[in-house]
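To be precise, the following lines are data_3.cif, and they hold mmCIF, N, CA and C atoms.
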```cif
data_my_file
loop_
_atom_site.label_atom_id
_atom_site.label_comp_id
_atom_site.auth_asym_id
_atom_site.auth_seq_id
_atom_site.Cartn_x
_atom_site.Cartn_y
_atom_site.Cartn_z
N ASP N 11 27.41 15.28 18.98
CA ASP N 11 27.43 16.19 17.85
C ASP N 11 27.91 15.42 16.62
N THR N 12 26.99 14.74 15.98
CA THR N 12 27.31 13.99 14.76
C THR N 12 26.44 14.50 13.63
N ALA N 13 26.86 14.24 12.41
CA ALA N 13 26.14 14.76 11.24
C ALA N 13 24.65 14.42 11.25
N PRO N 14 24.24 13.17 11.49
CA PRO N 14 22.80 12.89 11.47
C PRO N 14 22.02 13.67 12.54
N VAL N 15 22.66 13.87 13.69
CA VAL N 15 21.99 14.62 14.75
C VAL N 15 21.85 16.09 14.36
N ARG N 16 22.88 16.65 13.75
CA ARG N 16 22.83 18.06 13.34
C ARG N 16 21.75 18.33 12.30
N GLU N 17 21.31 17.28 11.59
CA GLU N 17 20.23 17.47 10.63
C GLU N 17 18.93 17.84 11.33
N VAL N 18 18.80 17.44 12.60
CA VAL N 18 17.56 17.64 13.34
C VAL N 18 17.73 18.65 14.47
N MET N 19 18.85 18.59 15.15
CA MET N 19 19.06 19.44 16.32
C MET N 19 20.01 20.59 16.02
N ARG N 20 19.70 21.73 16.66
CA ARG N 20 20.56 22.90 16.57
C ARG N 20 20.97 23.28 17.99
N ASP N 21 22.26 23.32 18.22
CA ASP N 21 22.79 23.58 19.56
C ASP N 21 22.25 24.89 20.12
N GLY N 22 21.65 24.80 21.29
CA GLY N 22 21.13 25.99 21.96
C GLY N 22 19.73 26.39 21.52
N GLU N 23 19.22 25.77 20.46
CA GLU N 23 17.87 26.08 19.99
C GLU N 23 16.88 24.99 20.37
N ASN N 24 17.18 23.76 20.00
CA ASN N 24 16.29 22.65 20.34
C ASN N 24 17.07 21.48 20.95
N GLY N 25 18.26 21.78 21.43
CA GLY N 25 19.07 20.76 22.07
C GLY N 25 20.43 21.30 22.46
N LEU N 26 21.17 20.49 23.18
CA LEU N 26 22.53 20.84 23.55
C LEU N 26 23.43 19.77 22.95
N LEU N 27 24.22 20.14 21.97
CA LEU N 27 25.07 19.18 21.27
C LEU N 27 26.43 19.07 21.94
N VAL N 28 26.91 17.86 22.00
CA VAL N 28 28.25 17.59 22.53
C VAL N 28 28.91 16.55 21.64
N PHE N 29 30.24 16.48 21.73
CA PHE N 29 30.97 15.48 20.98
C PHE N 29 30.60 14.10 21.54
N PHE N 30 30.23 13.21 20.67
CA PHE N 30 29.70 11.89 21.03
C PHE N 30 30.61 11.08 21.94
N PHE N 31 31.91 11.14 21.71
CA PHE N 31 32.85 10.31 22.46
C PHE N 31 33.56 11.07 23.59
N ASN N 32 32.92 12.11 24.12
CA ASN N 32 33.54 12.89 25.18
C ASN N 32 32.65 12.86 26.42
N PRO N 33 32.82 11.88 27.30
CA PRO N 33 31.96 11.76 28.48
C PRO N 33 32.04 12.97 29.41
N ASP N 34 33.19 13.64 29.47
CA ASP N 34 33.29 14.83 30.31
C ASP N 34 32.38 15.95 29.80
N GLU N 35 32.40 16.15 28.50
CA GLU N 35 31.54 17.18 27.90
C GLU N 35 30.07 16.82 28.06
N ILE N 36 29.75 15.55 27.90
CA ILE N 36 28.37 15.10 28.09
C ILE N 36 27.92 15.39 29.52
N SER N 37 28.73 15.02 30.48
CA SER N 37 28.34 15.23 31.89
C SER N 37 28.21 16.72 32.20
N LYS N 38 29.08 17.56 31.62
CA LYS N 38 28.97 19.01 31.84
C LYS N 38 27.65 19.55 31.31
N LYS N 39 27.25 19.08 30.12
CA LYS N 39 25.98 19.55 29.54
C LYS N 39 24.78 19.06 30.36
N VAL N 40 24.87 17.83 30.87
CA VAL N 40 23.79 17.32 31.72
C VAL N 40 23.69 18.18 32.97
N LEU N 41 24.82 18.46 33.60
CA LEU N 41 24.82 19.30 34.80
C LEU N 41 24.33 20.71 34.49
N GLN N 42 24.71 21.23 33.32
CA GLN N 42 24.23 22.55 32.91
C GLN N 42 22.71 22.53 32.79
N GLY N 43 22.19 21.49 32.17
CA GLY N 43 20.74 21.38 32.02
C GLY N 43 20.03 21.33 33.35
N LEU N 44 20.61 20.64 34.30
CA LEU N 44 20.01 20.56 35.63
C LEU N 44 20.12 21.89 36.38
N ALA N 45 21.27 22.55 36.26
CA ALA N 45 21.51 23.80 36.98
C ALA N 45 20.71 24.97 36.38
N GLU N 46 20.50 24.94 35.09
CA GLU N 46 19.84 26.06 34.39
C GLU N 46 18.46 25.65 33.90
N SER N 47 17.77 24.90 34.71
CA SER N 47 16.48 24.35 34.31
C SER N 47 15.52 25.42 33.80
N GLU N 48 15.38 26.49 34.52
CA GLU N 48 14.44 27.54 34.12
C GLU N 48 14.91 28.24 32.85
N ALA N 49 16.20 28.51 32.75
CA ALA N 49 16.74 29.21 31.58
C ALA N 49 16.59 28.38 30.31
N LEU N 50 16.55 27.05 30.46
CA LEU N 50 16.46 26.17 29.29
C LEU N 50 15.02 25.73 29.00
N LYS N 51 14.07 26.39 29.61
CA LYS N 51 12.66 26.02 29.44
C LYS N 51 12.23 26.08 27.97
N GLU N 52 12.59 27.15 27.28
CA GLU N 52 12.21 27.30 25.87
C GLU N 52 12.92 26.26 25.01
N LEU N 53 14.15 25.97 25.34
CA LEU N 53 14.90 24.95 24.61
C LEU N 53 14.20 23.59 24.75
N ARG N 54 13.73 23.27 25.96
CA ARG N 54 13.03 22.00 26.17
C ARG N 54 11.74 21.96 25.36
N LYS N 55 11.02 23.08 25.29
CA LYS N 55 9.79 23.12 24.48
C LYS N 55 10.12 22.88 23.01
N ALA N 56 11.18 23.52 22.53
CA ALA N 56 11.58 23.35 21.13
C ALA N 56 12.05 21.92 20.88
N ALA N 57 12.75 21.33 21.85
CA ALA N 57 13.20 19.95 21.71
C ALA N 57 12.01 19.00 21.63
N TYR N 58 11.02 19.24 22.45
CA TYR N 58 9.81 18.40 22.44
C TYR N 58 9.09 18.53 21.10
N ALA N 59 8.95 19.75 20.61
CA ALA N 59 8.29 19.96 19.31
C ALA N 59 9.04 19.25 18.20
N THR N 60 10.37 19.31 18.24
CA THR N 60 11.17 18.62 17.23
C THR N 60 10.97 17.12 17.32
N ALA N 61 10.98 16.59 18.54
CA ALA N 61 10.81 15.14 18.73
C ALA N 61 9.47 14.66 18.22
N GLN N 62 8.44 15.48 18.35
CA GLN N 62 7.11 15.09 17.88
C GLN N 62 7.08 14.89 16.37
N LYS N 63 7.92 15.60 15.65
CA LYS N 63 8.00 15.45 14.20
C LYS N 63 8.50 14.06 13.80
N TYR N 64 9.22 13.42 14.72
CA TYR N 64 9.82 12.13 14.43
C TYR N 64 9.22 11.01 15.28
N SER N 65 8.03 11.24 15.80
CA SER N 65 7.39 10.24 16.67
C SER N 65 6.96 9.02 15.86
N LEU N 66 6.82 7.92 16.56
CA LEU N 66 6.38 6.68 15.92
C LEU N 66 4.99 6.85 15.30
N ALA N 67 4.10 7.51 16.02
CA ALA N 67 2.74 7.70 15.51
C ALA N 67 2.74 8.52 14.22
N ARG N 68 3.51 9.59 14.19
CA ARG N 68 3.57 10.41 12.98
C ARG N 68 4.22 9.64 11.84
N GLY N 69 5.29 8.91 12.14
CA GLY N 69 5.94 8.12 11.11
C GLY N 69 5.01 7.05 10.55
N HIS N 70 4.25 6.42 11.43
CA HIS N 70 3.29 5.39 11.00
C HIS N 70 2.22 5.99 10.11
N ALA N 71 1.70 7.13 10.50
CA ALA N 71 0.66 7.79 9.69
C ALA N 71 1.21 8.17 8.32
N ARG N 72 2.41 8.69 8.27
CA ARG N 72 3.00 9.06 6.98
C ARG N 72 3.27 7.84 6.12
N TYR N 73 3.67 6.74 6.76
CA TYR N 73 3.90 5.49 6.02
C TYR N 73 2.59 5.00 5.41
N LEU N 74 1.52 5.01 6.19
CA LEU N 74 0.22 4.56 5.67
C LEU N 74 -0.27 5.46 4.54
N GLU N 75 -0.04 6.75 4.68
CA GLU N 75 -0.42 7.69 3.62
C GLU N 75 0.35 7.38 2.33
N MET N 76 1.64 7.14 2.47
CA MET N 76 2.47 6.83 1.31
C MET N 76 2.01 5.53 0.65
N MET N 77 1.73 4.51 1.46
CA MET N 77 1.27 3.24 0.91
C MET N 77 -0.09 3.39 0.22
N GLY N 78 -0.95 4.22 0.78
CA GLY N 78 -2.25 4.48 0.16
C GLY N 78 -2.09 5.13 -1.21
N ARG N 79 -1.19 6.10 -1.30
CA ARG N 79 -0.94 6.74 -2.60
C ARG N 79 -0.37 5.74 -3.60
N ALA N 80 0.54 4.89 -3.14
CA ALA N 80 1.13 3.88 -4.03
C ALA N 80 0.07 2.90 -4.51
N ALA N 81 -0.81 2.48 -3.62
CA ALA N 81 -1.87 1.55 -4.01
C ALA N 81 -2.82 2.20 -5.01
N HIS N 82 -3.11 3.48 -4.79
CA HIS N 82 -4.00 4.20 -5.71
C HIS N 82 -3.37 4.29 -7.10
N ARG N 83 -2.09 4.63 -7.14
CA ARG N 83 -1.39 4.70 -8.43
C ARG N 83 -1.36 3.34 -9.12
N ALA N 84 -1.13 2.29 -8.34
CA ALA N 84 -1.10 0.94 -8.92
C ALA N 84 -2.46 0.58 -9.50
N ALA N 85 -3.53 0.96 -8.80
CA ALA N 85 -4.88 0.67 -9.29
C ALA N 85 -5.14 1.42 -10.60
N ILE N 86 -4.69 2.66 -10.69
CA ILE N 86 -4.86 3.43 -11.93
C ILE N 86 -4.07 2.78 -13.06
N ASP N 87 -2.84 2.36 -12.78
CA ASP N 87 -2.02 1.69 -13.81
C ASP N 87 -2.70 0.42 -14.32
N ILE N 88 -3.25 -0.36 -13.40
CA ILE N 88 -3.93 -1.60 -13.80
C ILE N 88 -5.14 -1.28 -14.66
N LYS N 89 -5.90 -0.26 -14.26
CA LYS N 89 -7.09 0.11 -15.03
C LYS N 89 -6.69 0.58 -16.43
N MET N 90 -5.60 1.35 -16.52
CA MET N 90 -5.14 1.81 -17.83
C MET N 90 -4.70 0.64 -18.70
N GLN N 91 -4.01 -0.32 -18.10
CA GLN N 91 -3.57 -1.50 -18.85
C GLN N 91 -4.78 -2.30 -19.35
N ASP N 92 -5.80 -2.45 -18.50
CA ASP N 92 -7.01 -3.15 -18.90
C ASP N 92 -7.71 -2.43 -20.04
N THR N 93 -7.74 -1.08 -19.96
CA THR N 93 -8.38 -0.29 -21.02
C THR N 93 -7.63 -0.45 -22.33
N GLN N 94 -6.30 -0.40 -22.25
CA GLN N 94 -5.49 -0.56 -23.46
C GLN N 94 -5.66 -1.93 -24.06
N ALA N 95 -5.76 -2.94 -23.22
CA ALA N 95 -5.96 -4.31 -23.71
C ALA N 95 -7.30 -4.43 -24.41
N GLU N 96 -8.32 -3.78 -23.87
CA GLU N 96 -9.65 -3.83 -24.49
C GLU N 96 -9.66 -3.13 -25.84
N VAL N 97 -8.94 -2.01 -25.93
CA VAL N 97 -8.89 -1.25 -27.17
C VAL N 97 -8.15 -2.05 -28.24
N GLN N 98 -7.10 -2.76 -27.85
CA GLN N 98 -6.33 -3.55 -28.79
C GLN N 98 -7.05 -4.83 -29.23
N ALA N 99 -8.00 -5.26 -28.41
CA ALA N 99 -8.70 -6.51 -28.72
C ALA N 99 -9.74 -6.36 -29.79
#
```

Could you spell out this file's structure in structure tokens?
Amino acid sequence: DTAPVREVMRDGENGLLVFFFNPDEISKKVLQGLAESEALKELRKAAYATAQKYSLARGHARYLEMMGRAAHRAAIDIKMQDTQAEVQA
């Protein structure tokens, strides 16, 4: 249960949060997950859906999209500079 994790996970909704440096609490939550497998089915589905938002494939696609937009803007800037240079000449 740390600040960066809480940005993504919500205890009991898409994960089970525990104090990071408490091995007893961690083991209890693991045992709870094993014992209540059926009851936590929806939580596992929500956890999987959350994880997909942060997958490598999705991150890669978003990175390429961002780079494409940046390249497009750079091309427009270069064209505008060329046009301005022609007008001034």

Quiz prompt | Close residues, Thr60 in chain N itself excluded, 8 Å, only N, CA and C atoms, min 4 positions apart in chain, as a PyMOL selection string | solution = chain N and resi 18-19+24+54-56+64-65

Exercise. Measure the distance from CA of Phe31 in chain N to CA of Arg16 in chain N in Å and round it to one decimal.
Key: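 Interatomic distance here is 15.6 Å.
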
Practice problem: Grab the atom C of Ala49 in chain N to atom C of Asp21 in chain N distance for me, in Å with one decimal place. | Solution: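 Result for atom C of Ala49 in chain N versus atom C of Asp21 in chain N: 12.2 Å, one decimal.
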
Quiz item: What is the atom N of Leu26 in chain N-CA of Ala61 in chain N distance in Å, reported with one decimal?
Solution: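 Separating atom N of Leu26 in chain N from CA of Ala61 in chain N is a distance of 12.5 Å.
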
Practice problem: Please give the complete set of residues from chain N that DSSP, run on the backbone, assigns to alpha helix (DSSP H), formatted as a ChimeraX atom specification. | Solution: /N:13-16,33-45,51-63,66-98
